[in-house]
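J.: Data: target.cif, mmCIF, C-alpha atoms.
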```cif
data_model
#
loop_
_atom_site.label_atom_id
_atom_site.label_comp_id
_atom_site.auth_asym_id
_atom_site.auth_seq_id
_atom_site.Cartn_x
_atom_site.Cartn_y
_atom_site.Cartn_z
CA VAL A 1 27.88 26.31 29.28
CA ALA A 2 24.73 25.16 31.07
CA ASP A 3 21.71 26.95 32.40
CA ALA A 4 21.82 26.41 36.16
CA SER A 5 18.02 26.40 36.36
CA ASP A 6 17.78 23.06 34.57
CA ARG A 7 20.06 20.26 35.81
CA ASN A 8 18.45 17.47 33.77
CA ALA A 9 19.54 18.04 30.19
CA LEU A 10 23.17 17.62 29.21
CA PHE A 11 23.09 20.48 26.73
CA GLU A 12 21.00 23.64 26.70
CA ARG A 13 20.86 26.55 24.31
CA THR A 14 22.78 29.41 25.89
CA GLU A 15 23.20 32.75 24.23
CA ILE A 16 26.69 34.22 24.39
CA GLY A 17 27.44 37.46 22.64
CA ALA A 18 30.01 37.70 19.89
CA GLU A 19 32.13 40.05 21.97
CA GLU A 20 32.29 37.62 24.88
CA LEU A 21 33.10 34.73 22.56
CA GLN A 22 35.96 36.72 21.07
CA ARG A 23 37.25 37.58 24.54
CA VAL A 24 37.18 33.93 25.62
CA SER A 25 38.86 32.89 22.37
CA ARG A 26 41.68 35.40 22.96
CA ARG A 27 42.17 34.10 26.49
CA ILE A 28 42.44 30.53 25.20
CA GLU A 29 44.97 31.51 22.54
CA GLU A 30 47.05 33.51 25.01
CA ALA A 31 47.06 30.66 27.53
CA ALA A 32 48.06 28.10 24.88
CA ASP A 33 50.83 30.35 23.58
CA GLU A 34 52.17 30.90 27.10
CA ARG A 35 52.14 27.17 27.82
CA ALA A 36 53.92 26.44 24.51
CA ALA A 37 56.55 29.07 25.27
CA ASN A 38 57.32 27.34 28.57
CA ALA A 39 57.36 23.82 27.13
CA ASP A 40 60.07 21.39 28.21
CA ARG A 41 61.73 21.38 24.80
CA ASP A 42 64.59 19.10 25.80
CA SER A 43 62.14 16.39 26.85
CA LEU A 44 60.06 16.90 23.72
CA ARG A 45 63.16 16.51 21.53
CA PHE A 46 64.09 13.40 23.50
CA PHE A 47 60.61 11.98 22.91
CA ALA A 48 60.83 12.79 19.19
CA ASP A 49 64.04 10.75 19.01
CA PHE A 50 62.37 7.91 20.86
CA TRP A 51 59.31 8.06 18.60
CA ARG A 52 61.45 7.74 15.46
CA GLU A 53 62.78 4.46 16.85
CA VAL A 54 59.26 3.30 17.73
CA ASP A 55 58.19 4.03 14.18
CA ALA A 56 61.15 2.14 12.70
CA VAL A 57 60.76 -0.97 14.87
CA SER A 58 57.01 -0.99 14.24
CA LEU A 59 57.55 -1.05 10.48
CA ARG A 60 60.09 -3.86 10.82
CA SER A 61 57.80 -5.92 13.05
CA MET A 62 54.86 -5.47 10.67
CA SER A 63 57.00 -6.79 7.84
CA GLU A 64 58.27 -9.74 9.88
CA THR A 65 54.80 -10.66 11.11
CA LEU A 66 53.20 -10.52 7.67
CA GLN A 67 56.03 -12.59 6.20
CA GLY A 68 55.63 -15.13 8.98
CA LEU A 69 51.91 -15.36 8.28
CA GLY A 70 52.50 -15.59 4.53
CA ILE A 71 50.36 -12.52 3.80
CA GLU A 72 52.93 -9.85 3.02
CA GLU A 73 51.31 -9.27 -0.35
CA GLN A 74 47.87 -7.65 -0.64
CA ALA A 75 46.15 -10.88 -1.66
CA SER A 76 42.79 -11.59 -0.06
CA ALA A 77 43.08 -15.36 -0.51
CA ALA A 78 46.17 -15.57 1.73
CA LEU A 79 44.49 -13.45 4.40
CA ASP A 80 41.31 -15.53 4.14
CA GLU A 81 43.36 -18.66 4.76
CA ALA A 82 45.11 -17.08 7.77
CA VAL A 83 41.75 -16.08 9.25
CA HIS A 84 40.26 -19.51 8.57
CA ALA A 85 43.26 -21.17 10.24
CA GLY A 86 42.91 -18.95 13.31
CA ARG A 87 46.23 -17.20 12.86
CA VAL A 88 44.43 -13.85 12.45
CA GLN A 89 41.16 -12.92 14.11
CA PRO A 90 38.51 -11.55 11.70
CA GLN A 91 38.39 -8.17 13.44
CA TYR A 92 42.02 -7.57 12.46
CA ARG A 93 41.44 -7.75 8.70
CA ARG A 94 41.40 -3.96 8.36
CA LEU A 95 44.52 -3.67 10.49
CA ILE A 96 46.36 -6.12 8.27
CA GLY A 97 45.22 -4.15 5.22
CA SER A 98 46.59 -0.96 6.77
CA TRP A 99 49.93 -2.66 7.45
CA GLN A 100 50.15 -3.91 3.88
CA ALA A 101 49.39 -0.47 2.49
CA MET A 102 51.93 1.18 4.79
CA LEU A 103 54.65 -1.28 3.87
CA GLY A 104 53.79 -0.75 0.21
CA GLU A 105 54.53 2.94 0.67
CA ARG A 106 57.47 2.69 3.09
CA GLY A 107 59.00 -0.68 2.32
CA GLY A 108 62.25 0.98 1.32
CA GLU A 109 62.79 2.11 4.90
CA VAL A 110 62.56 -1.48 6.09
CA ALA A 111 64.92 -2.72 3.39
CA GLY A 112 67.42 0.01 4.29
CA ASP A 113 67.85 -1.20 7.87
CA PRO A 114 69.34 -4.70 8.21
CA ARG A 115 68.41 -5.12 11.87
CA SER A 116 65.66 -7.46 13.02
CA SER A 117 62.92 -6.14 15.28
CA ALA A 118 64.58 -7.99 18.19
CA GLN A 119 67.86 -6.20 17.53
CA MET A 120 66.08 -2.88 17.23
CA LEU A 121 64.33 -3.42 20.56
CA ASP A 122 67.66 -4.24 22.19
CA ASP A 123 69.11 -1.01 20.80
CA MET A 124 66.10 0.93 22.08
CA GLN A 125 66.47 -0.62 25.51
CA ARG A 126 70.06 0.58 25.71
CA ALA A 127 69.20 4.07 24.46
CA PHE A 128 65.87 4.72 26.17
CA GLY A 129 64.88 1.89 28.50
CA GLY A 130 66.53 3.39 31.56
CA ASP A 131 64.98 6.83 31.20
CA ALA A 132 61.92 7.35 33.39
CA ARG A 133 60.33 9.64 30.80
CA VAL A 134 59.73 6.73 28.38
CA GLN A 135 60.72 3.61 30.32
CA HIS A 136 57.24 2.16 30.60
CA PHE A 137 56.25 3.40 27.14
CA HIS A 138 59.18 1.38 25.77
CA GLU A 139 58.07 -1.57 27.91
CA HIS A 140 54.68 -1.54 26.18
CA VAL A 141 56.17 -1.18 22.69
CA ALA A 142 58.47 -4.14 23.32
CA ALA A 143 55.70 -6.31 24.78
CA SER A 144 53.36 -5.52 21.90
CA ILE A 145 55.93 -6.35 19.25
CA ARG A 146 57.10 -9.54 20.94
CA ASN A 147 53.50 -10.72 21.28
CA GLN A 148 52.29 -9.50 17.88
CA ARG A 149 51.42 -12.92 16.46
CA ALA A 150 49.61 -13.90 19.67
CA LEU A 151 47.67 -10.63 19.63
CA LEU A 152 46.53 -11.16 16.04
CA ALA A 153 45.50 -14.75 16.82
CA GLY A 154 43.47 -13.63 19.83
CA GLU A 155 45.63 -15.57 22.25
CA ILE A 156 46.42 -12.37 24.17
CA ALA A 157 43.99 -9.49 24.68
CA PRO A 158 45.38 -6.00 24.00
CA LEU A 159 44.07 -4.81 27.36
CA ALA A 160 46.24 -7.41 29.07
CA LEU A 161 49.28 -5.54 27.78
CA LEU A 162 47.81 -2.10 28.50
CA PHE A 163 46.99 -3.06 32.10
CA PRO A 164 49.45 -5.88 32.97
CA GLU A 165 48.21 -7.70 36.06
CA GLY A 166 45.81 -4.82 36.64
CA SER A 167 48.54 -2.19 36.86
CA ARG A 168 47.97 1.29 35.39
CA HIS A 169 51.65 2.16 34.90
CA ILE A 170 51.59 1.38 31.15
CA ALA A 171 48.40 3.35 30.49
CA GLU A 172 49.78 6.30 32.43
CA ALA A 173 53.03 6.14 30.45
CA LEU A 174 51.16 6.16 27.13
CA TYR A 175 48.60 8.84 27.89
CA GLN A 176 49.82 10.90 30.81
CA THR A 177 53.47 10.90 31.86
CA ASN A 178 55.53 10.79 28.65
CA PRO A 179 56.81 14.20 27.48
CA ALA A 180 54.43 14.54 24.52
CA SER A 181 51.28 13.59 26.44
CA ARG A 182 52.33 15.72 29.40
CA HIS A 183 52.80 18.74 27.12
CA HIS A 184 49.47 18.33 25.31
CA ASN A 185 47.60 17.74 28.57
CA GLN A 186 49.16 20.87 30.04
CA VAL A 187 48.10 22.90 27.00
CA SER A 188 44.56 21.53 27.31
CA ALA A 189 44.50 22.35 31.01
CA ALA A 190 45.72 25.90 30.34
CA ALA A 191 42.98 26.39 27.73
CA VAL A 192 40.25 25.14 30.09
CA SER A 193 41.56 27.33 32.89
CA ALA A 194 41.44 30.33 30.56
CA VAL A 195 37.79 29.61 29.72
CA VAL A 196 36.86 29.35 33.40
CA ARG A 197 38.58 32.63 34.24
CA ALA A 198 36.97 34.39 31.29
CA LEU A 199 33.39 33.37 32.13
CA ASP A 200 31.17 34.84 34.81
CA GLY A 201 32.08 33.62 38.27
CA ASP A 202 28.67 32.14 39.11
CA ARG A 203 27.91 30.48 35.79
CA ALA A 204 27.35 26.72 35.93
CA LEU A 205 29.61 24.65 33.71
CA ARG A 206 29.06 21.33 32.03
CA VAL A 207 31.99 19.71 30.27
CA LEU A 208 31.80 16.78 27.86
CA GLU A 209 35.09 15.03 27.11
CA ILE A 210 34.73 12.72 24.13
CA GLY A 211 37.03 9.71 24.20
CA ALA A 212 38.37 10.12 27.73
CA GLY A 213 39.87 6.62 27.68
CA THR A 214 42.14 6.12 30.68
CA GLY A 215 41.69 9.69 31.93
CA GLY A 216 45.14 11.07 31.11
CA SER A 217 43.78 14.40 29.88
CA SER A 218 40.99 14.40 32.48
CA SER A 219 43.54 14.28 35.31
CA ALA A 220 45.09 17.52 34.02
CA ILE A 221 41.81 19.31 33.23
CA LEU A 222 39.72 18.51 36.32
CA PRO A 223 41.81 20.59 38.77
CA GLN A 224 41.16 23.66 36.61
CA LEU A 225 37.38 23.44 37.06
CA PRO A 226 35.48 24.85 40.06
CA ALA A 227 33.96 21.75 41.64
CA SER A 228 31.02 23.61 43.15
CA ARG A 229 29.58 24.61 39.77
CA THR A 230 30.89 22.00 37.35
CA GLU A 231 29.50 18.76 35.95
CA TYR A 232 32.03 16.66 34.05
CA TRP A 233 30.78 14.06 31.57
CA TYR A 234 32.92 11.84 29.44
CA THR A 235 32.77 8.99 26.94
CA ASP A 236 35.30 6.23 26.46
#
```
For the file at hand, write its structure as structure tokens.

T.:
Amino acid sequence: VADASDRNALFERTEIGAEELQRVSRRIEEAADERAANADRDSLRFFADFWREVDAVSLRSMSETLQGLGIEEQASAALDEAVHAGRVQPQYRRLIGSWQAMLGERGGEVAGDPRSSAQMLDDMQRAFGGDARVQHFHEHVAASIRNQRALLAGEIAPLALLFPEGSRHIAEALYQTNPASRHHNQVSAAAVSAVVRALDGDRALRVLEIGAGTGGSSSAILPQLPASRTEYWYTD
């Protein structure tokens, strides 16, 4: 909450009484509960099924990629050689370490499924690829897995897959239109709307969204804010 008399500073000290804070907090909780009660549970269950397949094919592709690079074991010498040869960019060292640790913990899941990542992607295409709720999300998963070696080598930039030929349809599918993102953005919007309704009608508002990224949450929150008395700041 900003002091309308000073439009220069991003944050100002504003005194709000404990009673008002409790009232606003109750409004937020009530709004979130109402939104959750009206959630599209069928779509959320569908997305949970889809996400289990994403998780499984991701594990398989990690294993295949590390085996292909000869660095499936947590040995620094093999990773050093892969980096030196240009098969892995230096900035992906920590990522590779995370993959190795994850496979160390969940390798049994990979061993228990005989399918290759290509077969798993084909199965996902048949099960989910034609559904508009996750169609483009699946498109991005498939493109990322099929280009995993090229991504690690720096031959393809991750943003090229997130915004193919400048299109935003993948980013919107990941952060805005899939059932899980849509639900969370709606809950956030309901909470912000509750805050606005609970505060004095003429009070100036300044909002800071940290990590706005592609604006998926912003697109749901902005319509809830009175434009005439709101400043909206965000970081990426």

J.: Could you tell me which of A:Val141, A:Trp233, A:Ala39, A:Gly97 comes closest to Ala118 of chain A if we count all atoms listed in the file?

T.: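 Residue with the minimum atom-to-atom distance to Ala118 of chain A: A:Val141.
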
J.: Write out as a list of chain:residue names which residues come within 12 Å of Ser193 of chain A when counting only C-alpha atoms, dropping same-chain ones fewer than 6 positions away.

T.: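 In the requested form, the answer reads A:Val24, A:Arg27, A:Ile28, A:Glu29, A:Glu30, A:Ala31, A:Ala32, A:Arg35, A:Gln186, A:Val187, A:Leu199, A:Ala220, A:Ile221, A:Leu222, A:Pro223, A:Gln224, A:Leu225, A:Pro226.
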
J.: Generate a file of the selected residues that holds C-alpha atoms, formatted as a compact mmCIF listing (two decimals), in the coordinates of the input.

T.:
```txt
# COMPACT_ATOMS: atom_id res chain seq x y z
CA VAL A 24 37.18 33.93 25.62
CA ARG A 27 42.17 34.10 26.49
CA ILE A 28 42.44 30.53 25.20
CA GLU A 29 44.97 31.51 22.54
CA GLU A 30 47.05 33.51 25.01
CA ALA A 31 47.06 30.66 27.53
CA ALA A 32 48.06 28.10 24.88
CA ARG A 35 52.14 27.17 27.82
CA GLN A 186 49.16 20.87 30.04
CA VAL A 187 48.10 22.90 27.00
CA LEU A 199 33.39 33.37 32.13
CA ALA A 220 45.09 17.52 34.02
CA ILE A 221 41.81 19.31 33.23
CA LEU A 222 39.72 18.51 36.32
CA PRO A 223 41.81 20.59 38.77
CA GLN A 224 41.16 23.66 36.61
CA LEU A 225 37.38 23.44 37.06
CA PRO A 226 35.48 24.85 40.06
```

J.: Any idea what's packed within 10 Å of Phe47 of chain A, counting all atoms listed in the file, ignoring anything in its chain fewer than 4 positions away? Could you give it as a count of residues only?

T.: 12

J.: Find the residue from A:Leu161, A:Ala85, A:Met124, A:Ala77 that sits nearest to Asp55 of chain A; use all atoms listed in the file when measuring.

T.: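 Selected residue with least distance to Asp55 of chain A: A:Met124.
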
J.: Return the single residue from A:Arg168, A:Arg93, A:Arg60, A:Arg182 that is closest to Glu81 of chain A, with distances computed using all atoms listed in the file.

T.: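 Comparing A:Arg168, A:Arg93, A:Arg60, A:Arg182 against Glu81 of chain A, the winner is A:Arg93.
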
J.: Near Pro90 of chain A, within 12 Å and counting all atoms listed in the file, which residues show up once chain neighbours fewer than 6 positions away are dropped, as a list in words?

T.: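 So, after excluding close chain neighbours, the residues are Leu79, Asp80, Glu81, Ala82, Val83, His84, Ile96, Gly97, Leu152, Ala153 and Gly154 of chain A.
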
J.: Using all atoms listed in the file, which residue out of A:Arg87, A:Arg206, A:Arg197, A:His136 lies closest to Leu162 of chain A?

T.: A:His136

J.: Could you expand the PyMOL selection byres ((chain A and resi 58) around 12) into the explicit residues it covers here, written as a PyMOL selection string?

T.: chain A and resi 51-57+59-65+99+102-103+106+109-110+116-118+120-121+138+141-146+148

J.: Can you work out which one of A:Asp113, A:Glu139, A:Glu20, A:Asp123 has the shortest atom-to-atom distance to Ala171 of chain A, counting all atoms listed in the file?

T.: A:Glu139

J.: On this structure, the PyMOL selection byres ((chain A and resi 218) around 12) would catch which residues? List them as a PyMOL selection string, sorted by chain and number.

T.: chain A and resi 172+175-176+181-182+184-186+188-189+192+207-217+219-225+232-236

J.: Using all atoms listed in the file, find the one residue out of A:Gly17, A:Thr230, A:Pro164, A:Arg149 that sits nearest to Gln67 of chain A.

T.: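 Result for the nearest residue to Gln67 of chain A: A:Arg149.
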
J.: Hey, can you check how far atom CA of Arg23 of chain A sits from atom CA of Ala227 of chain A?

T.: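 Distance reported for this atom pair: 23.5 Å.
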
J.: Would you kindly return, as a ChimeraX atom specification, each protein, DNA or RNA residue with an atom no farther than 7 Å from any atom of Phe137 of chain A, considering only C-alpha atoms and excluding same-chain residues fewer than 5 positions away?

T.: /A:170,173-174

J.: Rounded to one decimal place, report the atom CA of Glu34 of chain A-atom CA of Val196 of chain A distance in Å.

T.: 16.6 Å

J.: So how far away is atom CA of Ala132 of chain A from atom CA of Phe163 of chain A, in Å?

T.: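 So the two atoms, atom CA of Phe163 of chain A and atom CA of Ala132 of chain A, lie 18.2 Å apart.
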
J.: Could you work out an axis-aligned bounding box for all listed atoms of segment 170-180 of chain A, with 8 Å added on each of the six sides, and give its centre and edge lengths in Å to one decimal, as JSON?

T.:
```
{"center_x": 52.6, "center_y": 8.0, "center_z": 28.5, "size_x": 24.4, "size_y": 29.2, "size_z": 23.9}
```
